[in-house]
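Here's model12.csv, which has CSV, N, CA and C atoms:
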```csv
chain,number,residue,atom,x,y,z
A,1,PHE,N,16.8,1.3,-14.1
A,1,PHE,CA,16.3,0.3,-15.0
A,1,PHE,C,16.3,-1.1,-14.3
A,2,LEU,N,17.4,-1.4,-13.5
A,2,LEU,CA,17.5,-2.7,-12.8
A,2,LEU,C,16.3,-2.9,-11.8
A,3,GLY,N,16.1,-1.8,-11.0
A,3,GLY,CA,15.0,-1.9,-10.0
A,3,GLY,C,13.6,-2.1,-10.7
A,4,ALA,N,13.4,-1.4,-11.8
A,4,ALA,CA,12.1,-1.6,-12.5
A,4,ALA,C,12.0,-3.0,-13.0
A,5,TRP,N,13.1,-3.5,-13.6
A,5,TRP,CA,13.0,-4.9,-14.1
A,5,TRP,C,12.8,-5.9,-13.0
A,6,LEU,N,13.6,-5.8,-11.9
A,6,LEU,CA,13.4,-6.8,-10.8
A,6,LEU,C,12.0,-6.7,-10.2
A,7,HIS,N,11.5,-5.5,-10.0
A,7,HIS,CA,10.1,-5.4,-9.5
A,7,HIS,C,9.1,-6.0,-10.4
A,8,THR,N,9.3,-5.8,-11.7
A,8,THR,CA,8.3,-6.3,-12.7
A,8,THR,C,8.3,-7.8,-12.6
A,9,THR,N,9.5,-8.5,-12.5
A,9,THR,CA,9.5,-9.9,-12.4
A,9,THR,C,8.8,-10.4,-11.2
A,10,LEU,N,8.7,-9.6,-10.1
A,10,LEU,CA,8.0,-10.0,-8.9
A,10,LEU,C,6.6,-9.5,-8.9
A,11,LEU,N,6.1,-9.0,-10.1
A,11,LEU,CA,4.8,-8.4,-10.3
A,11,LEU,C,4.5,-7.3,-9.3
A,12,MET,N,5.5,-6.5,-9.0
A,12,MET,CA,5.3,-5.4,-8.1
A,12,MET,C,5.6,-4.1,-8.8
A,13,PRO,N,4.7,-3.1,-8.7
A,13,PRO,CA,4.9,-1.8,-9.4
A,13,PRO,C,6.0,-1.0,-8.9
A,14,TYR,N,7.1,-0.9,-9.6
A,14,TYR,CA,8.4,-0.3,-9.1
A,14,TYR,C,8.2,1.2,-8.9
A,15,TRP,N,7.7,1.9,-9.9
A,15,TRP,CA,7.7,3.4,-9.8
A,15,TRP,C,6.8,3.9,-8.7
A,16,SER,N,5.7,3.2,-8.4
A,16,SER,CA,4.8,3.6,-7.3
A,16,SER,C,5.4,3.2,-6.0
A,17,TRP,N,6.1,2.1,-6.0
A,17,TRP,CA,6.8,1.7,-4.7
A,17,TRP,C,7.9,2.7,-4.4
A,18,GLN,N,8.7,3.1,-5.5
A,18,GLN,CA,9.8,4.0,-5.3
A,18,GLN,C,9.3,5.3,-4.7
A,19,TYR,N,8.2,5.8,-5.2
A,19,TYR,CA,7.7,7.1,-4.7
A,19,TYR,C,7.2,6.9,-3.3
A,20,SER,N,6.4,5.9,-3.0
A,20,SER,CA,5.9,5.7,-1.6
A,20,SER,C,7.0,5.4,-0.6
A,21,HIS,N,8.0,4.7,-1.1
A,21,HIS,CA,9.1,4.3,-0.2
A,21,HIS,C,10.0,5.6,0.2
A,22,ALA,N,10.2,6.4,-0.8
A,22,ALA,CA,10.9,7.7,-0.5
A,22,ALA,C,10.1,8.5,0.5
A,23,HIS,N,8.7,8.6,0.3
A,23,HIS,CA,7.9,9.3,1.2
A,23,HIS,C,7.9,8.7,2.6
A,24,HIS,N,7.9,7.4,2.7
A,24,HIS,CA,8.0,6.7,3.9
A,24,HIS,C,9.3,7.1,4.7
A,25,HIS,N,10.4,7.2,4.0
A,25,HIS,CA,11.7,7.6,4.7
A,25,HIS,C,11.8,9.1,4.9
A,26,LYS,N,11.0,9.9,4.2
A,26,LYS,CA,11.0,11.3,4.5
A,26,LYS,C,10.2,11.6,5.7
A,27,TRP,N,9.1,10.8,6.0
A,27,TRP,CA,8.3,11.1,7.2
A,27,TRP,C,8.2,9.9,8.1
A,28,PRO,N,9.3,9.4,8.6
A,28,PRO,CA,9.2,8.2,9.5
A,28,PRO,C,8.5,8.5,10.8
A,29,ASN,N,7.6,7.6,11.2
A,29,ASN,CA,6.9,7.7,12.4
A,29,ASN,C,6.0,9.0,12.5
A,30,HIS,N,5.7,9.6,11.4
A,30,HIS,CA,4.8,10.7,11.5
A,30,HIS,C,3.4,10.3,11.4
A,31,VAL,N,2.5,10.7,12.3
A,31,VAL,CA,1.1,10.2,12.4
A,31,VAL,C,0.3,10.5,11.2
A,32,TYR,N,0.5,11.7,10.6
A,32,TYR,CA,-0.4,12.1,9.5
A,32,TYR,C,0.3,12.0,8.1
A,33,GLU,N,1.6,12.2,8.0
A,33,GLU,CA,2.2,12.2,6.7
A,33,GLU,C,2.9,10.9,6.5
A,34,GLY,N,3.2,10.1,7.5
A,34,GLY,CA,4.0,8.8,7.4
A,34,GLY,C,3.2,7.8,6.5
A,35,GLU,N,4.0,7.0,5.8
A,35,GLU,CA,3.4,6.0,4.9
A,35,GLU,C,3.6,4.6,5.4
A,36,GLY,N,2.6,3.9,5.6
A,36,GLY,CA,2.7,2.5,6.1
A,36,GLY,C,2.5,2.5,7.6
A,37,ALA,N,1.6,1.6,8.1
A,37,ALA,CA,1.4,1.3,9.5
A,37,ALA,C,1.1,2.6,10.3
A,38,CYS,N,0.3,3.5,9.8
A,38,CYS,CA,0.0,4.7,10.5
A,38,CYS,C,-1.0,4.3,11.6
A,39,PRO,N,-0.7,4.8,12.8
A,39,PRO,CA,-1.6,4.5,13.9
A,39,PRO,C,-2.9,5.3,13.8
A,40,LYS,N,-3.9,4.8,14.4
A,40,LYS,CA,-5.2,5.5,14.5
A,40,LYS,C,-5.0,6.6,15.5
A,41,VAL,N,-5.6,7.8,15.2
A,41,VAL,CA,-5.6,8.9,16.1
A,41,VAL,C,-7.0,9.2,16.6
A,42,ALA,N,-7.2,9.4,17.9
A,42,ALA,CA,-8.5,9.7,18.4
A,42,ALA,C,-9.0,11.0,17.8
A,43,GLY,N,-10.3,10.9,17.3
A,43,GLY,CA,-10.9,12.1,16.7
A,43,GLY,C,-10.6,12.3,15.2
A,44,VAL,N,-9.7,11.5,14.6
A,44,VAL,CA,-9.4,11.6,13.2
A,44,VAL,C,-9.9,10.4,12.4
A,45,GLY,N,-10.7,10.7,11.4
A,45,GLY,CA,-11.2,9.6,10.6
A,45,GLY,C,-12.3,8.9,11.2
A,46,GLY,N,-13.0,8.1,10.4
A,46,GLY,CA,-14.2,7.4,10.9
A,46,GLY,C,-13.8,6.1,11.6
A,47,ARG,N,-14.7,5.5,12.2
A,47,ARG,CA,-14.5,4.2,12.8
A,47,ARG,C,-15.6,3.2,12.4
A,48,ALA,N,-15.9,3.3,11.1
A,48,ALA,CA,-17.0,2.5,10.6
A,48,ALA,C,-16.6,1.4,9.6
A,49,SER,N,-15.3,1.2,9.4
A,49,SER,CA,-14.9,0.2,8.5
A,49,SER,C,-15.1,-1.2,9.0
A,50,ALA,N,-15.1,-2.2,8.1
A,50,ALA,CA,-15.2,-3.6,8.5
A,50,ALA,C,-14.2,-3.9,9.6
A,51,MET,N,-13.0,-3.5,9.4
A,51,MET,CA,-11.9,-3.8,10.3
A,51,MET,C,-12.1,-3.2,11.7
A,52,ASP,N,-12.7,-2.0,11.7
A,52,ASP,CA,-13.0,-1.4,13.0
A,52,ASP,C,-14.1,-2.1,13.7
A,53,ARG,N,-15.1,-2.6,13.0
A,53,ARG,CA,-16.2,-3.4,13.6
A,53,ARG,C,-15.6,-4.7,14.1
A,54,LEU,N,-14.7,-5.4,13.3
A,54,LEU,CA,-14.1,-6.6,13.8
A,54,LEU,C,-13.3,-6.4,15.0
A,55,GLU,N,-12.6,-5.3,15.0
A,55,GLU,CA,-11.8,-5.0,16.2
A,55,GLU,C,-12.6,-4.8,17.5
A,56,ALA,N,-13.8,-4.1,17.3
A,56,ALA,CA,-14.7,-3.9,18.5
A,56,ALA,C,-15.2,-5.2,19.0
A,57,VAL,N,-15.6,-6.1,18.1
A,57,VAL,CA,-16.1,-7.4,18.5
A,57,VAL,C,-15.1,-8.3,19.2
A,58,LEU,N,-13.9,-8.3,18.6
A,58,LEU,CA,-12.8,-9.1,19.2
A,58,LEU,C,-12.3,-8.5,20.6
A,59,LEU,N,-12.4,-7.2,20.7
A,59,LEU,CA,-12.0,-6.6,22.0
A,59,LEU,C,-13.0,-6.9,23.1
A,60,GLU,N,-14.2,-7.2,22.7
A,60,GLU,CA,-15.2,-7.6,23.7
A,60,GLU,C,-14.9,-9.0,24.1
A,61,VAL,N,-14.4,-9.8,23.3
A,61,VAL,CA,-14.0,-11.2,23.6
A,61,VAL,C,-12.8,-11.1,24.6
A,62,GLY,N,-11.9,-10.3,24.2
A,62,GLY,CA,-10.7,-10.1,25.0
A,62,GLY,C,-9.5,-9.6,24.2
A,63,PRO,N,-8.6,-8.9,24.8
A,63,PRO,CA,-7.4,-8.4,24.0
A,63,PRO,C,-6.6,-9.5,23.3
A,64,GLU,N,-6.6,-10.7,23.9
A,64,GLU,CA,-5.8,-11.7,23.3
A,64,GLU,C,-6.4,-12.2,22.0
A,65,ALA,N,-7.7,-12.2,21.9
A,65,ALA,CA,-8.4,-12.5,20.6
A,65,ALA,C,-8.1,-11.5,19.6
A,66,TRP,N,-8.1,-10.3,19.9
A,66,TRP,CA,-7.8,-9.2,18.9
A,66,TRP,C,-6.3,-9.4,18.5
A,67,ALA,N,-5.4,-9.6,19.4
A,67,ALA,CA,-4.0,-9.7,19.1
A,67,ALA,C,-3.7,-10.8,18.1
A,68,VAL,N,-4.3,-12.0,18.4
A,68,VAL,CA,-4.1,-13.2,17.5
A,68,VAL,C,-4.6,-12.9,16.1
A,69,VAL,N,-5.9,-12.4,16.0
A,69,VAL,CA,-6.5,-12.2,14.7
A,69,VAL,C,-5.8,-11.0,14.0
A,70,HIS,N,-5.4,-10.0,14.7
A,70,HIS,CA,-4.7,-8.9,14.1
A,70,HIS,C,-3.4,-9.3,13.5
A,71,LEU,N,-2.6,-10.2,14.2
A,71,LEU,CA,-1.4,-10.7,13.8
A,71,LEU,C,-1.6,-11.5,12.5
A,72,LEU,N,-2.6,-12.3,12.4
A,72,LEU,CA,-2.8,-13.1,11.2
A,72,LEU,C,-3.2,-12.2,10.0
A,73,ILE,N,-4.0,-11.2,10.3
A,73,ILE,CA,-4.4,-10.3,9.2
A,73,ILE,C,-3.2,-9.6,8.7
A,74,VAL,N,-2.4,-9.1,9.6
A,74,VAL,CA,-1.2,-8.3,9.1
A,74,VAL,C,-0.3,-9.2,8.3
A,75,LEU,N,0.0,-10.4,8.8
A,75,LEU,CA,1.0,-11.3,8.2
A,75,LEU,C,0.5,-11.9,6.9
A,76,VAL,N,-0.8,-12.2,6.8
A,76,VAL,CA,-1.4,-12.9,5.7
A,76,VAL,C,-1.9,-11.9,4.7
A,77,LEU,N,-2.7,-10.9,5.1
A,77,LEU,CA,-3.3,-10.0,4.2
A,77,LEU,C,-2.7,-8.6,4.1
A,78,GLY,N,-1.9,-8.3,5.1
A,78,GLY,CA,-1.4,-6.9,5.2
A,78,GLY,C,-0.7,-6.3,4.0
A,79,TRP,N,0.3,-7.1,3.5
A,79,TRP,CA,1.1,-6.5,2.3
A,79,TRP,C,0.2,-6.4,1.1
A,80,TRP,N,-0.7,-7.3,0.8
A,80,TRP,CA,-1.5,-7.3,-0.3
A,80,TRP,C,-2.6,-6.2,-0.2
A,81,GLY,N,-3.1,-6.0,1.0
A,81,GLY,CA,-4.0,-4.9,1.3
A,81,GLY,C,-3.4,-3.5,1.1
A,82,TYR,N,-2.1,-3.5,1.5
A,82,TYR,CA,-1.4,-2.2,1.3
A,82,TYR,C,-1.1,-1.9,-0.1
A,83,ILE,N,-0.6,-2.8,-0.9
A,83,ILE,CA,-0.2,-2.5,-2.3
A,83,ILE,C,-1.4,-2.3,-3.2
A,84,PHE,N,-2.5,-3.1,-3.0
A,84,PHE,CA,-3.7,-3.1,-3.8
A,84,PHE,C,-4.6,-2.0,-3.4
A,85,PHE,N,-4.9,-1.9,-2.1
A,85,PHE,CA,-6.0,-1.0,-1.6
A,85,PHE,C,-5.5,0.2,-0.8
A,86,GLY,N,-4.2,0.2,-0.4
A,86,GLY,CA,-3.7,1.3,0.4
A,86,GLY,C,-4.1,1.3,1.8
A,87,VAL,N,-4.5,0.1,2.4
A,87,VAL,CA,-4.8,0.1,3.8
A,87,VAL,C,-3.6,0.4,4.6
A,88,SER,N,-3.7,1.0,5.6
A,88,SER,CA,-2.6,1.5,6.5
A,88,SER,C,-1.8,2.6,5.9
A,89,GLY,N,-2.2,3.2,4.9
A,89,GLY,CA,-1.5,4.3,4.3
A,89,GLY,C,-1.7,5.6,5.1
A,90,ALA,N,-1.0,6.6,4.7
A,90,ALA,CA,-1.0,7.9,5.5
A,90,ALA,C,-2.4,8.5,5.4
A,91,PRO,N,-2.9,9.0,6.5
A,91,PRO,CA,-4.2,9.8,6.5
A,91,PRO,C,-4.1,11.0,5.5
A,92,ALA,N,-2.9,11.5,5.3
A,92,ALA,CA,-2.7,12.7,4.4
A,92,ALA,C,-3.2,12.4,3.0
A,93,TRP,N,-3.3,11.2,2.6
A,93,TRP,CA,-3.7,10.9,1.2
A,93,TRP,C,-5.2,11.1,1.0
A,94,GLY,N,-5.9,11.1,2.1
A,94,GLY,CA,-7.4,11.4,2.1
A,94,GLY,C,-8.2,10.2,1.6
A,95,GLU,N,-9.4,10.5,1.1
A,95,GLU,CA,-10.4,9.5,0.7
A,95,GLU,C,-9.9,8.7,-0.5
A,96,LYS,N,-9.1,9.3,-1.3
A,96,LYS,CA,-8.7,8.6,-2.6
A,96,LYS,C,-7.7,7.5,-2.3
A,97,GLY,N,-7.1,7.5,-1.1
A,97,GLY,CA,-6.3,6.4,-0.7
A,97,GLY,C,-4.9,6.4,-1.3
A,98,SER,N,-4.2,5.3,-1.1
A,98,SER,CA,-2.8,5.2,-1.5
A,98,SER,C,-2.4,3.9,-2.1
A,99,SER,N,-3.2,3.3,-3.0
A,99,SER,CA,-2.9,2.1,-3.6
A,99,SER,C,-1.7,2.2,-4.5
A,100,LEU,N,-0.8,1.2,-4.5
A,100,LEU,CA,0.4,1.3,-5.4
A,100,LEU,C,0.0,0.8,-6.8
A,101,PHE,N,-1.1,0.1,-7.0
A,101,PHE,CA,-1.5,-0.4,-8.3
A,101,PHE,C,-2.5,0.5,-9.0
A,102,PHE,N,-3.4,1.1,-8.2
A,102,PHE,CA,-4.5,1.8,-8.8
A,102,PHE,C,-4.3,3.3,-8.6
A,103,ALA,N,-3.7,3.9,-9.6
A,103,ALA,CA,-3.5,5.4,-9.6
A,103,ALA,C,-4.3,5.9,-10.8
A,104,PRO,N,-4.7,7.2,-10.8
A,104,PRO,CA,-4.3,8.2,-9.8
A,104,PRO,C,-5.1,8.0,-8.6
A,105,ASN,N,-4.5,8.4,-7.5
A,105,ASN,CA,-5.2,8.4,-6.2
A,105,ASN,C,-4.6,9.5,-5.4
A,106,GLY,N,-4.8,9.5,-4.1
A,106,GLY,CA,-4.3,10.6,-3.3
A,106,GLY,C,-2.8,10.7,-3.1
A,107,MET,N,-2.1,9.6,-3.3
A,107,MET,CA,-0.7,9.6,-3.1
A,107,MET,C,0.1,10.3,-4.2
A,108,PHE,N,-0.2,10.0,-5.4
A,108,PHE,CA,0.7,10.4,-6.5
A,108,PHE,C,0.3,11.7,-7.2
A,109,PRO,N,1.3,12.6,-7.4
A,109,PRO,CA,1.1,13.8,-8.1
A,109,PRO,C,0.7,13.5,-9.6
A,110,ALA,N,0.1,14.4,-10.3
A,110,ALA,CA,-0.4,14.2,-11.6
A,110,ALA,C,0.7,13.8,-12.6
A,111,ASP,N,1.9,14.4,-12.4
A,111,ASP,CA,3.0,14.1,-13.3
A,111,ASP,C,3.5,12.6,-13.2
A,112,ARG,N,3.2,11.9,-12.2
A,112,ARG,CA,3.6,10.5,-12.1
A,112,ARG,C,2.6,9.5,-12.7
A,113,VAL,N,1.4,9.9,-13.0
A,113,VAL,CA,0.4,9.0,-13.4
A,113,VAL,C,0.8,8.3,-14.7
A,114,LYS,N,1.3,8.9,-15.7
A,114,LYS,CA,1.7,8.3,-17.0
A,114,LYS,C,2.7,7.2,-16.8
A,115,ARG,N,3.7,7.5,-16.0
A,115,ARG,CA,4.7,6.4,-15.7
A,115,ARG,C,4.1,5.2,-15.0
A,116,LEU,N,3.2,5.5,-14.1
A,116,LEU,CA,2.5,4.4,-13.4
A,116,LEU,C,1.7,3.5,-14.3
A,117,GLU,N,1.0,4.2,-15.2
A,117,GLU,CA,0.2,3.5,-16.2
A,117,GLU,C,1.0,2.6,-17.1
A,118,LYS,N,2.2,3.1,-17.5
A,118,LYS,CA,3.1,2.3,-18.3
A,118,LYS,C,3.6,1.0,-17.6
A,119,HIS,N,3.9,1.2,-16.3
A,119,HIS,CA,4.4,0.1,-15.6
A,119,HIS,C,3.2,-0.9,-15.3
A,120,ARG,N,2.0,-0.5,-15.1
A,120,ARG,CA,0.9,-1.4,-14.9
A,120,ARG,C,0.7,-2.2,-16.1
A,121,LEU,N,0.9,-1.6,-17.3
A,121,LEU,CA,0.8,-2.3,-18.6
A,121,LEU,C,1.8,-3.4,-18.7
A,122,SER,N,3.1,-3.1,-18.3
A,122,SER,CA,4.1,-4.1,-18.3
A,122,SER,C,3.8,-5.2,-17.4
A,123,LEU,N,3.3,-4.9,-16.2
A,123,LEU,CA,2.9,-6.0,-15.3
A,123,LEU,C,1.8,-6.9,-15.8
A,124,LEU,N,0.8,-6.2,-16.5
A,124,LEU,CA,-0.3,-7.0,-17.1
A,124,LEU,C,0.3,-7.9,-18.2
A,125,LEU,N,1.2,-7.4,-19.1
A,125,LEU,CA,1.7,-8.2,-20.2
A,125,LEU,C,2.6,-9.4,-19.6
A,126,LEU,N,3.3,-9.1,-18.6
A,126,LEU,CA,4.1,-10.2,-18.0
A,126,LEU,C,3.2,-11.2,-17.3
A,127,SER,N,2.1,-10.8,-16.7
A,127,SER,CA,1.2,-11.7,-16.1
A,127,SER,C,0.5,-12.6,-17.2
A,128,ALA,N,0.2,-12.0,-18.3
A,128,ALA,CA,-0.4,-12.7,-19.4
A,128,ALA,C,0.6,-13.7,-20.0
A,129,TRP,N,1.8,-13.3,-20.1
A,129,TRP,CA,2.9,-14.2,-20.6
A,129,TRP,C,3.1,-15.4,-19.7
A,130,VAL,N,3.1,-15.2,-18.4
A,130,VAL,CA,3.3,-16.2,-17.4
A,130,VAL,C,2.1,-17.2,-17.4
A,131,ALA,N,0.9,-16.6,-17.6
A,131,ALA,CA,-0.3,-17.5,-17.6
A,131,ALA,C,-0.4,-18.4,-18.8
A,132,CYS,N,0.3,-18.0,-19.9
A,132,CYS,CA,0.2,-18.8,-21.1
A,132,CYS,C,1.0,-20.0,-21.0
```
As a first step, turn the structure in this file into structure tokens.
Amino acid sequence: FLGAWLHTTLLMPYWSWQYSHAHHHKWPNHVYEGEGACPKVAGVGGRASAMDRLEAVLLEVGPEAWAVVHLLIVLVLGWWGYIFFGVSGAPAWGEKGSSLFFAPNGMFPADRVKRLEKHRLSLLLLSAWVAC
């Protein structure tokens, strides 16, 4: 209860975080099953995303350009991209992704979806209350 309450006050979905965090610790540093900051693997997945195109352009400029921009992206957009859109999630989740907010998706089993919907509703109500 305490974890759910604290996460709600931070506008963070507790139950989906709890599930993904347990998975992250179950598969640390695993290229396919690991959750969060999964490295790209040659021959796996496409290379047509906007981020991949940006990487190619910046690497043509030089590795330093890519390093600086990548650092800014990770520090400024990384967390939000992960929790909302599942960027850097495990390849094992497939095309449906691993967003902590938008379920069902590839990460969560069907029996978790009801709990996640309830928590999203509580986040929405708290956001509405804070906005008033």
With distances taken over only C-alpha atoms, the candidate from A:Met51, A:Leu6, A:Ala67, A:Met12 nearest Val87 of chain A is A:Met51
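The interatomic distance for the pair atom CA of Met107 of chain A and atom N of Ser16 of chain A works out to 10.5 Å.
Counting all atoms listed in the file, the residue from A:His25, A:Ser99, A:Trp17, A:Leu59 that sits nearest to Tyr82 of chain A is A:Ser99.
Taking only C-alpha atoms, the non-local environment of His24 of chain A within 8 Å (same-chain residues fewer than 2 positions away omitted) comprises Ser20, His21, Ala22, Lys26, Trp27, Pro28, Gly34, Glu35 and Gly36 of chain A.
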What is the atom N of Val130 of chain A-atom C of Ile73 of chain A distance in Å, reported with one decimal?
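So the answer is 28.4 Å.
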Residues within 6 Å of segment 3-5 of chain A, please, as an MDAnalysis selection string. Count only N, CA and C atoms; anything in the same chain fewer than 3 positions from it doesn't count.
chainID A and resid 8:9 14
Point out the residue among A:Glu33, A:Leu11, A:Asp111, A:Leu2 with the least atom-to-atom distance to Phe84 of chain A, counting only C-alpha atoms.
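So, comparing all the options, the nearest one is A:Leu11.
Pairwise distance (atom C of Leu100 of chain A, atom CA of Gly86 of chain A) equals 8.1 Å.
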Could you give me the residues within segment 8-110 of chain A that DSSP places in helix (DSSP H, G or I), as an MDAnalysis selection string?
chainID A and resid 8:9 14:26 50:61 63:85 91:96 110
So, counting only N, CA and C atoms, which residue among A:Trp93, A:Ser127, A:Glu60, A:Gly78 is closest to Asn105 of chain A?
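Going through A:Trp93, A:Ser127, A:Glu60, A:Gly78 one by one, the smallest distance to Asn105 of chain A is for A:Trp93.
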So which residues touch Trp15 of chain A within 7 Å, counting all atoms listed in the file, skipping near sequence neighbours fewer than 6 positions away, as a PyMOL selection string?
chain A and resi 4+115-116+119
Taking all heavy atoms as the atom set, what does segment 73-81 of chain A look like once completed, written as a PDB file, in the coordinates of the input?
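To be explicit, this is the file written out as rebuild-v5.pdb:
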```
ATOM      1  N   ILE A  73      -4.000 -11.200  10.300  1.00  0.00           N
ATOM      2  CA  ILE A  73      -4.400 -10.300   9.200  1.00  0.00           C
ATOM      3  C   ILE A  73      -3.200  -9.600   8.700  1.00  0.00           C
ATOM      4  O   ILE A  73      -3.047  -9.465   7.472  1.00  0.00           O
ATOM      5  CB  ILE A  73      -5.514  -9.320   9.736  1.00  0.00           C
ATOM      6  CG1 ILE A  73      -6.830 -10.062   9.952  1.00  0.00           C
ATOM      7  CG2 ILE A  73      -5.689  -8.157   8.768  1.00  0.00           C
ATOM      8  CD1 ILE A  73      -7.894  -9.249  10.652  1.00  0.00           C
ATOM      9  N   VAL A  74      -2.400  -9.100   9.600  1.00  0.00           N
ATOM     10  CA  VAL A  74      -1.200  -8.300   9.100  1.00  0.00           C
ATOM     11  C   VAL A  74      -0.300  -9.200   8.300  1.00  0.00           C
ATOM     12  O   VAL A  74       0.220  -8.813   7.262  1.00  0.00           O
ATOM     13  CB  VAL A  74      -0.508  -7.628  10.310  1.00  0.00           C
ATOM     14  CG1 VAL A  74       0.856  -7.096   9.919  1.00  0.00           C
ATOM     15  CG2 VAL A  74      -1.367  -6.524  10.882  1.00  0.00           C
ATOM     16  N   LEU A  75       0.000 -10.400   8.800  1.00  0.00           N
ATOM     17  CA  LEU A  75       1.000 -11.300   8.200  1.00  0.00           C
ATOM     18  C   LEU A  75       0.500 -11.900   6.900  1.00  0.00           C
ATOM     19  O   LEU A  75       1.225 -12.108   5.963  1.00  0.00           O
ATOM     20  CB  LEU A  75       1.449 -12.343   9.158  1.00  0.00           C
ATOM     21  CG  LEU A  75       2.252 -11.842  10.352  1.00  0.00           C
ATOM     22  CD1 LEU A  75       2.601 -12.996  11.278  1.00  0.00           C
ATOM     23  CD2 LEU A  75       3.494 -11.102   9.913  1.00  0.00           C
ATOM     24  N   VAL A  76      -0.800 -12.200   6.800  1.00  0.00           N
ATOM     25  CA  VAL A  76      -1.400 -12.900   5.700  1.00  0.00           C
ATOM     26  C   VAL A  76      -1.900 -11.900   4.700  1.00  0.00           C
ATOM     27  O   VAL A  76      -1.703 -12.040   3.452  1.00  0.00           O
ATOM     28  CB  VAL A  76      -2.454 -13.904   6.102  1.00  0.00           C
ATOM     29  CG1 VAL A  76      -3.089 -14.556   4.899  1.00  0.00           C
ATOM     30  CG2 VAL A  76      -1.852 -14.950   7.019  1.00  0.00           C
ATOM     31  N   LEU A  77      -2.700 -10.900   5.100  1.00  0.00           N
ATOM     32  CA  LEU A  77      -3.300 -10.000   4.200  1.00  0.00           C
ATOM     33  C   LEU A  77      -2.700  -8.600   4.100  1.00  0.00           C
ATOM     34  O   LEU A  77      -2.985  -7.843   3.195  1.00  0.00           O
ATOM     35  CB  LEU A  77      -4.810  -9.828   4.587  1.00  0.00           C
ATOM     36  CG  LEU A  77      -5.644 -11.101   4.618  1.00  0.00           C
ATOM     37  CD1 LEU A  77      -7.024 -10.794   5.156  1.00  0.00           C
ATOM     38  CD2 LEU A  77      -5.720 -11.722   3.241  1.00  0.00           C
ATOM     39  N   GLY A  78      -1.900  -8.300   5.100  1.00  0.00           N
ATOM     40  CA  GLY A  78      -1.400  -6.900   5.200  1.00  0.00           C
ATOM     41  C   GLY A  78      -0.700  -6.300   4.000  1.00  0.00           C
ATOM     42  O   GLY A  78      -1.001  -5.250   3.505  1.00  0.00           O
ATOM     43  N   TRP A  79       0.300  -7.100   3.500  1.00  0.00           N
ATOM     44  CA  TRP A  79       1.100  -6.500   2.300  1.00  0.00           C
ATOM     45  C   TRP A  79       0.200  -6.400   1.100  1.00  0.00           C
ATOM     46  O   TRP A  79       0.234  -5.345   0.428  1.00  0.00           O
ATOM     47  CB  TRP A  79       2.216  -7.509   2.010  1.00  0.00           C
ATOM     48  CG  TRP A  79       2.964  -7.138   0.772  1.00  0.00           C
ATOM     49  CD1 TRP A  79       2.986  -7.813  -0.400  1.00  0.00           C
ATOM     50  CD2 TRP A  79       3.773  -5.980   0.582  1.00  0.00           C
ATOM     51  NE1 TRP A  79       3.775  -7.162  -1.313  1.00  0.00           N
ATOM     52  CE2 TRP A  79       4.262  -6.026  -0.736  1.00  0.00           C
ATOM     53  CE3 TRP A  79       4.129  -4.910   1.387  1.00  0.00           C
ATOM     54  CZ2 TRP A  79       5.096  -5.046  -1.253  1.00  0.00           C
ATOM     55  CZ3 TRP A  79       4.964  -3.934   0.862  1.00  0.00           C
ATOM     56  CH2 TRP A  79       5.434  -4.015  -0.437  1.00  0.00           C
ATOM     57  N   TRP A  80      -0.700  -7.300   0.800  1.00  0.00           N
ATOM     58  CA  TRP A  80      -1.500  -7.300  -0.300  1.00  0.00           C
ATOM     59  C   TRP A  80      -2.600  -6.200  -0.200  1.00  0.00           C
ATOM     60  O   TRP A  80      -2.893  -5.470  -1.121  1.00  0.00           O
ATOM     61  CB  TRP A  80      -2.199  -8.629  -0.574  1.00  0.00           C
ATOM     62  CG  TRP A  80      -1.157  -9.680  -0.762  1.00  0.00           C
ATOM     63  CD1 TRP A  80      -0.840 -10.671   0.105  1.00  0.00           C
ATOM     64  CD2 TRP A  80      -0.237  -9.779  -1.844  1.00  0.00           C
ATOM     65  NE1 TRP A  80       0.213 -11.409  -0.377  1.00  0.00           N
ATOM     66  CE2 TRP A  80       0.609 -10.875  -1.580  1.00  0.00           C
ATOM     67  CE3 TRP A  80      -0.026  -9.052  -3.012  1.00  0.00           C
ATOM     68  CZ2 TRP A  80       1.622 -11.266  -2.437  1.00  0.00           C
ATOM     69  CZ3 TRP A  80       0.988  -9.447  -3.870  1.00  0.00           C
ATOM     70  CH2 TRP A  80       1.799 -10.531  -3.582  1.00  0.00           C
ATOM     71  N   GLY A  81      -3.100  -6.000   1.000  1.00  0.00           N
ATOM     72  CA  GLY A  81      -4.000  -4.900   1.300  1.00  0.00           C
ATOM     73  C   GLY A  81      -3.400  -3.500   1.100  1.00  0.00           C
ATOM     74  O   GLY A  81      -3.966  -2.617   0.598  1.00  0.00           O
TER      75      GLY A  81
END
```
